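Content type mmCIF, C-alpha atoms and all ligand atoms, from the file final-v9.cif:
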data_entry
#
loop_
_atom_site.label_atom_id
_atom_site.label_comp_id
_atom_site.auth_asym_id
_atom_site.auth_seq_id
_atom_site.Cartn_x
_atom_site.Cartn_y
_atom_site.Cartn_z
CA MET A 1 55.29 177.69 108.09
CA LYS A 2 57.10 174.37 108.18
CA THR A 3 55.32 171.17 107.28
CA ILE A 4 55.11 168.39 109.79
CA LEU A 5 53.81 164.96 109.04
CA THR A 6 53.20 162.06 111.31
CA GLY A 7 51.16 158.89 111.27
CA ILE A 8 49.42 156.44 113.52
CA ARG A 9 48.39 152.85 112.85
CA PRO A 10 44.69 152.27 113.45
CA THR A 11 44.92 149.02 115.39
CA GLY A 12 43.30 149.95 118.71
CA ASN A 13 41.86 152.72 120.84
CA LEU A 14 44.16 155.34 122.31
CA HIS A 15 45.32 154.78 125.88
CA LEU A 16 47.00 157.01 128.47
CA GLY A 17 50.41 156.13 127.00
CA HIS A 18 49.37 157.66 123.69
CA LEU A 19 47.76 160.65 125.34
CA PHE A 20 50.69 161.69 127.54
CA GLY A 21 53.17 160.78 124.81
CA ALA A 22 52.29 161.65 121.24
CA GLY A 23 48.80 163.07 121.83
CA GLN A 24 49.62 166.03 124.05
CA ASN A 25 52.67 166.73 121.95
CA TRP A 26 50.65 166.88 118.73
CA VAL A 27 48.05 169.12 120.33
CA LYS A 28 50.83 171.55 121.26
CA LEU A 29 52.36 171.47 117.77
CA GLN A 30 49.14 172.07 115.88
CA ASP A 31 49.26 175.84 116.37
CA ASP A 32 52.68 176.39 114.86
CA TYR A 33 52.92 174.10 111.86
CA ASP A 34 51.22 172.99 108.70
CA PHE A 35 50.30 169.64 110.16
CA TYR A 36 49.42 166.45 108.25
CA LEU A 37 48.26 163.55 110.38
CA GLU A 38 47.99 160.25 108.59
CA ILE A 39 45.74 157.42 109.72
CA ALA A 40 48.03 154.68 108.42
CA ASP A 41 45.48 152.03 107.46
CA VAL A 42 47.68 150.53 104.72
CA GLN A 43 50.56 150.20 107.16
CA ALA A 44 48.21 148.64 109.73
CA LEU A 45 47.21 146.08 107.11
CA THR A 46 50.83 144.95 106.63
CA ASP A 47 50.44 143.34 110.07
CA ASN A 48 46.69 142.77 110.02
CA PHE A 49 45.87 141.92 106.40
CA ASN A 50 43.77 139.00 107.60
CA ASP A 51 41.65 141.17 109.89
CA PRO A 52 40.30 144.05 107.79
CA GLN A 53 37.37 144.65 110.14
CA LYS A 54 39.74 145.46 112.98
CA VAL A 55 41.56 148.07 110.90
CA ARG A 56 38.32 149.55 109.55
CA ASP A 57 36.76 149.90 113.02
CA ASN A 58 39.88 151.41 114.46
CA VAL A 59 40.14 154.10 111.79
CA ASP A 60 36.96 155.59 113.26
CA ASN A 61 38.01 154.86 116.83
CA ILE A 62 41.38 156.54 116.49
CA VAL A 63 39.99 159.58 114.72
CA LYS A 64 37.32 160.10 117.38
CA ASP A 65 39.89 159.60 120.13
CA LEU A 66 42.22 162.14 118.53
CA LEU A 67 39.44 164.70 118.21
CA SER A 68 38.39 164.07 121.81
CA VAL A 69 41.83 164.87 123.19
CA GLY A 70 41.99 168.18 121.37
CA ILE A 71 43.37 167.65 117.87
CA ASP A 72 41.66 170.47 116.01
CA PRO A 73 40.62 169.57 112.46
CA LYS A 74 40.76 173.26 111.52
CA LYS A 75 44.49 173.16 112.20
CA VAL A 76 45.42 169.59 111.34
CA HIS A 77 44.76 167.77 108.07
CA ILE A 78 43.68 164.35 109.29
CA PHE A 79 43.70 161.97 106.33
CA ILE A 80 43.44 158.30 105.47
CA GLN A 81 46.50 156.72 103.90
CA SER A 82 44.64 154.39 101.52
CA ARG A 83 42.76 157.32 100.03
CA ILE A 84 45.99 158.86 98.73
CA PRO A 85 46.93 156.59 95.80
CA GLU A 86 50.09 158.65 95.22
CA ILE A 87 51.56 157.09 98.38
CA ALA A 88 51.14 153.58 96.96
CA GLU A 89 52.56 154.70 93.63
CA LEU A 90 55.55 156.30 95.26
CA THR A 91 56.18 153.18 97.33
CA VAL A 92 56.65 151.24 94.09
CA PHE A 93 59.12 153.80 92.73
CA TYR A 94 61.12 153.82 95.97
CA SER A 95 61.29 150.04 96.12
CA ASN A 96 64.11 150.17 93.54
CA LEU A 97 66.16 152.44 95.77
CA VAL A 98 66.47 150.16 98.76
CA THR A 99 68.01 146.73 99.10
CA VAL A 100 66.37 143.80 100.81
CA ALA A 101 69.47 143.43 102.99
CA ARG A 102 69.14 147.05 104.18
CA LEU A 103 65.51 146.50 105.16
CA GLN A 104 66.43 143.35 107.05
CA ARG A 105 69.02 145.36 108.99
CA ASN A 106 66.57 148.13 109.93
CA PRO A 107 66.59 147.99 113.75
CA THR A 108 62.87 148.74 114.13
CA VAL A 109 61.92 146.06 111.60
CA LYS A 110 64.37 143.66 113.22
CA THR A 111 62.80 144.16 116.65
CA GLU A 112 59.32 143.71 115.23
CA ILE A 113 60.33 140.51 113.45
CA SER A 114 61.84 139.05 116.61
CA GLN A 115 58.70 139.99 118.58
CA LYS A 116 56.63 138.15 115.97
CA LYS A 117 58.89 135.13 116.28
CA GLU A 118 58.42 135.20 120.03
CA LEU A 119 54.67 135.30 119.60
CA PHE A 120 54.26 132.85 116.74
CA GLY A 121 57.32 130.62 116.98
CA ASN A 122 60.26 130.60 114.65
CA GLU A 123 58.31 131.36 111.54
CA GLY A 124 60.74 133.51 109.60
CA GLU A 125 58.90 132.32 106.50
CA SER A 126 55.79 134.19 107.58
CA ILE A 127 57.39 137.63 107.17
CA THR A 128 55.69 139.08 104.11
CA TYR A 129 57.15 141.26 101.40
CA GLY A 130 54.69 143.95 102.44
CA PHE A 131 55.77 143.89 106.07
CA LEU A 132 59.47 143.95 105.26
CA GLY A 133 58.79 146.85 102.92
CA TYR A 134 56.74 149.04 105.24
CA PRO A 135 59.65 151.41 105.86
CA VAL A 136 59.63 152.13 102.11
CA SER A 137 55.95 152.89 102.29
CA GLN A 138 56.55 155.10 105.33
CA ALA A 139 59.20 157.01 103.35
CA ALA A 140 56.49 157.59 100.74
CA ASP A 141 54.07 158.79 103.48
CA ILE A 142 56.52 161.45 104.53
CA THR A 143 57.93 162.63 101.20
CA CYS A 144 54.58 162.67 99.42
CA PHE A 145 53.81 165.76 101.48
CA ASN A 146 57.33 167.16 101.60
CA GLY A 147 57.30 166.49 105.33
CA GLU A 148 60.21 168.36 106.89
CA LEU A 149 59.66 167.49 110.52
CA VAL A 150 58.29 164.23 111.80
CA PRO A 151 57.16 164.17 115.46
CA VAL A 152 57.53 160.56 116.54
CA GLY A 153 58.91 158.43 119.35
CA GLU A 154 62.57 157.44 119.39
CA ASP A 155 61.65 153.96 118.16
CA GLN A 156 60.86 155.49 114.77
CA GLU A 157 64.31 156.98 114.20
CA PRO A 158 65.54 154.00 112.11
CA LEU A 159 62.56 154.50 109.81
CA LEU A 160 63.46 158.14 109.36
CA GLU A 161 67.06 157.25 108.63
CA GLN A 162 65.83 154.77 106.04
CA CYS A 163 63.67 157.52 104.53
CA ARG A 164 66.61 159.94 104.36
CA GLU A 165 68.71 157.31 102.57
CA ILE A 166 65.97 156.85 99.99
CA VAL A 167 65.69 160.62 99.54
CA ARG A 168 69.46 160.98 99.03
CA LYS A 169 69.54 158.17 96.53
CA PHE A 170 66.56 159.59 94.68
CA ASN A 171 68.09 163.06 94.52
CA ASN A 172 71.43 161.65 93.36
CA ILE A 173 69.93 159.70 90.50
CA TYR A 174 66.99 161.83 89.40
CA GLY A 175 68.11 165.31 90.49
CA ASP A 176 67.33 167.40 93.54
CA THR A 177 63.63 166.87 94.14
CA LEU A 178 62.94 165.67 97.69
CA LYS A 179 63.61 167.01 101.17
CA GLU A 180 65.33 164.96 103.86
CA PRO A 181 62.98 164.80 106.85
CA GLU A 182 64.12 165.33 110.40
CA GLY A 183 62.72 163.62 113.46
CA MET A 184 61.20 165.83 116.12
CA PHE A 185 61.89 164.14 119.40
CA THR A 186 60.35 166.56 121.85
CA GLU A 187 60.35 165.35 125.39
CA THR A 188 57.33 163.20 125.95
CA LYS A 189 56.29 161.23 128.94
CA ARG A 190 56.45 157.52 128.73
CA VAL A 191 53.63 156.02 130.72
CA LYS A 192 54.07 152.73 132.54
CA GLY A 193 51.46 149.99 132.50
CA LEU A 194 49.12 149.01 135.34
CA ASP A 195 51.40 146.04 136.01
CA GLY A 196 54.46 148.25 136.42
CA ASN A 197 55.82 147.39 132.96
CA GLU A 198 57.90 150.25 131.48
CA LYS A 199 55.47 150.49 128.61
CA MET A 200 51.71 150.74 128.50
CA GLY A 201 50.39 148.76 125.55
CA LYS A 202 47.22 147.20 124.24
CA SER A 203 48.91 143.88 123.55
CA LEU A 204 50.49 143.92 127.02
CA GLY A 205 47.03 144.03 128.60
CA ASN A 206 48.11 146.76 131.00
CA ALA A 207 46.53 149.86 129.51
CA ILE A 208 43.95 152.41 130.59
CA PHE A 209 42.03 153.41 127.47
CA LEU A 210 40.45 156.81 126.98
CA VAL A 211 37.15 155.05 126.21
CA ASP A 212 37.19 152.93 129.39
CA ASN A 213 34.01 153.53 131.36
CA GLU A 214 33.84 154.10 135.11
CA GLU A 215 33.35 150.45 135.89
CA THR A 216 36.36 149.38 133.84
CA ILE A 217 38.52 152.12 135.32
CA SER A 218 37.51 151.00 138.78
CA LYS A 219 38.36 147.33 138.10
CA LYS A 220 41.70 148.17 136.51
CA ILE A 221 42.84 150.49 139.28
CA MET A 222 41.70 148.09 142.00
CA ASN A 223 44.04 145.52 140.42
CA ALA A 224 46.99 147.87 139.86
CA VAL A 225 50.34 146.82 141.29
CA THR A 226 51.27 148.34 144.68
CA ASP A 227 54.33 148.02 146.92
CA SER A 228 54.45 144.28 147.60
CA ASN A 229 56.01 144.85 151.04
CA LYS A 230 52.84 146.48 152.26
CA ILE A 231 50.60 143.78 153.60
CA ARG A 232 48.44 145.44 156.23
CA LYS A 233 46.56 148.71 155.85
CA ASP A 234 48.85 150.56 158.26
CA ASP A 235 52.17 149.18 157.02
CA PRO A 236 54.43 151.95 155.73
CA ALA A 237 55.20 151.67 152.01
CA ASP A 238 57.28 153.16 149.22
CA PRO A 239 55.14 155.20 146.80
CA ASP A 240 57.83 154.84 144.15
CA LYS A 241 57.09 151.12 144.00
CA CYS A 242 53.38 151.70 143.57
CA MET A 243 51.51 152.13 140.30
CA VAL A 244 48.60 153.75 142.11
CA TYR A 245 50.84 156.59 143.25
CA TYR A 246 52.39 156.67 139.78
CA TYR A 247 48.99 157.41 138.20
CA HIS A 248 48.07 159.86 140.98
CA ARG A 249 51.06 161.81 139.69
CA LEU A 250 49.49 162.01 136.24
CA VAL A 251 46.05 163.22 137.28
CA ASN A 252 46.21 164.64 140.82
CA SER A 253 47.29 168.04 142.16
CA ASP A 254 50.72 168.71 143.69
CA ASP A 255 49.20 169.40 147.10
CA ASN A 256 47.34 166.11 147.14
CA LEU A 257 50.44 164.28 145.95
CA LYS A 258 52.43 165.54 148.91
CA THR A 259 49.78 164.33 151.32
CA ILE A 260 49.45 160.93 149.62
CA CYS A 261 53.20 160.45 149.58
CA SER A 262 53.78 161.31 153.22
CA GLU A 263 50.77 159.33 154.47
CA CYS A 264 51.85 156.30 152.46
CA LYS A 265 55.40 156.44 153.81
CA LYS A 266 54.09 156.73 157.37
CA GLY A 267 51.62 153.89 157.03
CA ALA A 268 48.74 156.30 157.49
CA ARG A 269 47.02 155.45 154.21
CA GLY A 270 45.41 152.21 153.14
CA CYS A 271 45.72 151.06 149.54
CA VAL A 272 41.97 150.67 149.06
CA GLN A 273 41.30 154.27 150.07
CA CYS A 274 44.18 155.42 147.89
CA LYS A 275 42.84 153.46 144.90
CA LYS A 276 39.34 154.88 145.41
CA GLU A 277 40.74 158.40 145.38
CA LEU A 278 42.63 157.62 142.19
CA ILE A 279 39.51 156.21 140.54
CA ALA A 280 37.67 159.45 141.30
CA LYS A 281 40.52 161.62 139.98
CA MET A 282 40.97 159.47 136.88
CA ASN A 283 37.27 159.76 136.07
CA GLU A 284 37.41 163.50 136.61
CA PHE A 285 40.35 163.64 134.23
CA LEU A 286 38.66 161.48 131.58
CA ASP A 287 35.21 163.10 131.80
CA PRO A 288 35.80 166.01 129.39
CA ILE A 289 37.43 163.58 126.92
CA ARG A 290 34.45 161.22 127.26
CA GLU A 291 32.06 164.07 126.69
CA LYS A 292 33.72 165.06 123.43
CA ARG A 293 33.97 161.45 122.38
CA LYS A 294 30.26 161.03 122.98
CA TYR A 295 29.59 164.05 120.79
CA TYR A 296 31.53 162.51 117.89
CA ASP A 297 29.92 159.10 118.46
CA GLU A 298 26.57 160.83 118.04
CA HIS A 299 27.70 162.85 114.99
CA PRO A 300 29.31 160.35 112.59
CA ASP A 301 28.59 162.65 109.65
CA GLU A 302 30.81 165.28 111.19
CA VAL A 303 33.64 162.77 111.59
CA LYS A 304 33.22 161.72 107.98
CA LYS A 305 33.33 165.33 106.85
CA ILE A 306 36.51 165.98 108.81
CA LEU A 307 38.16 162.99 107.16
CA ASP A 308 36.89 163.89 103.70
CA GLU A 309 38.18 167.43 103.99
CA GLY A 310 41.51 166.44 105.54
CA THR A 311 42.04 163.80 102.87
CA GLU A 312 41.12 166.20 100.09
CA ALA A 313 43.63 168.78 101.29
CA ALA A 314 46.33 166.12 101.62
CA ARG A 315 45.55 164.72 98.19
CA GLU A 316 46.12 168.11 96.55
CA VAL A 317 49.60 168.30 98.01
CA ALA A 318 50.37 164.70 97.05
CA LYS A 319 49.27 165.27 93.45
CA GLU A 320 51.57 168.27 93.04
CA GLN A 321 54.46 166.40 94.59
CA MET A 322 53.84 163.43 92.31
CA LYS A 323 54.04 165.65 89.23
CA LYS A 324 57.51 166.78 90.28
CA ILE A 325 58.61 163.25 91.06
CA LYS A 326 57.40 161.79 87.76
CA LYS A 327 59.06 164.59 85.85
CA ALA A 328 62.36 163.89 87.60
CA MET A 329 62.00 160.18 86.85
CA MET A 330 61.07 160.86 83.22
CA ILE A 331 57.74 159.10 83.50
CA ASP A 332 55.64 162.23 83.00
CA TYR A 333 54.03 161.25 79.69
N1 LIG A 401 55.12 153.63 112.00
C1 LIG A 401 54.45 154.60 112.81
C2 LIG A 401 54.10 153.93 114.15
O1 LIG A 401 53.96 152.72 114.21
C3 LIG A 401 53.19 155.15 112.20
C4 LIG A 401 53.43 155.90 110.91
C5 LIG A 401 52.91 155.58 109.68
C6 LIG A 401 54.19 157.08 110.74
N2 LIG A 401 53.32 156.48 108.75
C7 LIG A 401 54.10 157.40 109.34
C8 LIG A 401 54.96 157.89 111.58
C9 LIG A 401 54.76 158.51 108.81
C10 LIG A 401 55.59 158.99 111.05
C11 LIG A 401 55.51 159.29 109.67
O2 LIG A 401 53.95 154.60 115.13
#

Let me see the file written as structure tokens.
Amino acid sequence: MKTILTGIRPTGNLHLGHLFGAGQNWVKLQDDYDFYLEIADVQALTDNFNDPQKVRDNVDNIVKDLLSVGIDPKKVHIFIQSRIPEIAELTVFYSNLVTVARLQRNPTVKTEISQKKELFGNEGESITYGFLGYPVSQAADITCFNGELVPVGEDQEPLLEQCREIVRKFNNIYGDTLKEPEGMFTETKRVKGLDGNEKMGKSLGNAIFLVDNEETISKKIMNAVTDSNKIRKDDPADPDKCMVYYYHRLVNSDDNLKTICSECKKGARGCVQCKKELIAKMNEFLDPIREKRKYYDEHPDEVKKILDEGTEAAREVAKEQMKKIKKAMMIDY
């Protein structure tokens, strides 16, 4: 059985973008692989070192969300990054194998730095050593467990390439020890935001979260962007310009979709009615997730046990791997 490893930063609750993207993909993969799923709290701190409470709270939030959407802890080792000291150790060893210039050229890091500059002004000085180095730490995340396949979004490819470079350099200098990981870019849906933005995101303020209650869902959908040419209830409109129709497509049946589409085009469907139907369908869709989530909210000991066991299993693998690595580096005293 091949090993797959992936990670997620605990910085917020999961939303529909996560669910239809990574989430459903991971649930499918869990049957066929030896699956390690890292809650990347140390990586989250590179960005959020001044807000430890946020990271701490979201470790629990993310884990409960993941369990609620069907990640099965009997199949997946869910573990917490900071509880595997070997990852931190390995990050230090790898830091010699990568130049500062190479990190600055990493396209993902570059994009993130320019986004930060947009948000906080031209404060290049505020980029920390830890943030610039997070790809090195991510290479440690993967290779600590001999991760062969890494199911991630396309935006993570530069981080995998950086990891492979580190692995090659390591193997060249210290002898063949590590595996080069491959990305697993299975087709995943990208979910647009309520405002029609290509991406749904917490920071974009356009997300539907799995933990949103009925009232919040109702407010959000009532404010979703519709075809701006439709002014009166019986104006015909283009469903492809409407976020309400877009979300109907995620949670409604094919038969209903056909009806909605043709009524909308004919001007035989008002937006308010259409939104109300979507609210009902969205709640129906979220109900089983909410139910599971409620169970885990009421059983924190069970969540703790899942994390303890997942982390313990991961730690065993990391310890073995570290023995090999230290031997190769001649620091196995
Ligand atoms: N950087 C990833 C993200 O932001 C999360 C992550 C942390 C990860 N460690 C990883 C992904 C290891 C794959 C492998 O989505």

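Near ligand LIG 401 (chain A), the residues found within 8 Å are Leu5, Thr6, Gly7, Ile8, Arg9, Glu38, Ile39, Ala40, Gln43, Pro135, Ser137, Gln138, Ala139, Asp141, Ile142, Val150, Pro151, Val152, Gly153, Gln156 and Leu159 of chain A (criterion computed using only C-alpha atoms and all ligand atoms).
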
Since we have the selection now, will you write its residues out, keeping C-alpha atoms, as a PDB file, in the frame of the given file?
ATOM      1  CA  LEU A   5      53.810 164.960 109.040  1.00  0.00           C
ATOM      2  CA  THR A   6      53.200 162.060 111.310  1.00  0.00           C
ATOM      3  CA  GLY A   7      51.160 158.890 111.270  1.00  0.00           C
ATOM      4  CA  ILE A   8      49.420 156.440 113.520  1.00  0.00           C
ATOM      5  CA  ARG A   9      48.390 152.850 112.850  1.00  0.00           C
ATOM      6  CA  GLU A  38      47.990 160.250 108.590  1.00  0.00           C
ATOM      7  CA  ILE A  39      45.740 157.420 109.720  1.00  0.00           C
ATOM      8  CA  ALA A  40      48.030 154.680 108.420  1.00  0.00           C
ATOM      9  CA  GLN A  43      50.560 150.200 107.160  1.00  0.00           C
ATOM     10  CA  PRO A 135      59.650 151.410 105.860  1.00  0.00           C
ATOM     11  CA  SER A 137      55.950 152.890 102.290  1.00  0.00           C
ATOM     12  CA  GLN A 138      56.550 155.100 105.330  1.00  0.00           C
ATOM     13  CA  ALA A 139      59.200 157.010 103.350  1.00  0.00           C
ATOM     14  CA  ASP A 141      54.070 158.790 103.480  1.00  0.00           C
ATOM     15  CA  ILE A 142      56.520 161.450 104.530  1.00  0.00           C
ATOM     16  CA  VAL A 150      58.290 164.230 111.800  1.00  0.00           C
ATOM     17  CA  PRO A 151      57.160 164.170 115.460  1.00  0.00           C
ATOM     18  CA  VAL A 152      57.530 160.560 116.540  1.00  0.00           C
ATOM     19  CA  GLY A 153      58.910 158.430 119.350  1.00  0.00           C
ATOM     20  CA  GLN A 156      60.860 155.490 114.770  1.00  0.00           C
ATOM     21  CA  LEU A 159      62.560 154.500 109.810  1.00  0.00           C
TER      22      LEU A 159
END

Rank A:Gly17, A:Gly183, A:Pro85, A:Pro52 by their smallest atom-to-atom distance to A:Asn197, using only C-alpha atoms, and report the top residue only.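 Closest candidate: A:Gly17.
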
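A search radius of 10 Å centred on (42.5, 162.7, 118.6), applied to all atoms listed in the file, returns the residues Leu14, His18, Leu19, Gly23, Gln24, Trp26, Val27, Asn61, Ile62, Val63, Lys64, Asp65, Leu66, Leu67, Ser68, Val69, Gly70, Ile71, Asp72, Pro73, Ile78, Ile289 and Arg293 of chain A.
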
Taking every listed atom of stretch 320-325 of chain A and adding 6 Å to each side, what centre and edge lengths in Å (one decimal) does the axis-aligned box have, as lines of an AutoDock Vina configuration file?
center_x = 55.1
center_y = 165.8
center_z = 91.9
size_x = 19.0
size_y = 17.0
size_z = 17.4

Please list as a PyMOL selection string every residue within 10 Å of A:Ser126, counting only C-alpha atoms and excluding residues in the same chain fewer than 5 positions away. chain A and resi 113+116-117+120+131

Cut-off 8 Å around (53.9, 158.6, 134.3) with only C-alpha atoms: residues as a list of chain:residue names: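 Selection result: A:Lys189, A:Arg190, A:Val191, A:Lys192, A:Tyr246, A:Tyr247, A:Arg249, A:Leu250.
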
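Proximity ranking of A:Leu286, A:Met200, A:Val317, A:Ala237 relative to A:Asp212 places A:Leu286 first, based on only C-alpha atoms.
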
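Distances to A:Met1 were evaluated for A:Asn256, A:Glu180, A:Gly133, A:Leu149 using all atoms listed in the file, and the minimum falls at A:Leu149.
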
Set the distance at 7 Å and use only C-alpha atoms: which residues neighbour A:Phe35 once local chain neighbours fewer than 5 positions away are removed? I'd like the list as a ChimeraX atom specification. /A:3-5,30,76-77

Would you mind listing what lies within 10 Å of A:Leu97 as a PyMOL selection string, with all atoms listed in the file counted and same-chain residues fewer than 4 positions away left out? chain A and resi 92-93+136+165-170+173
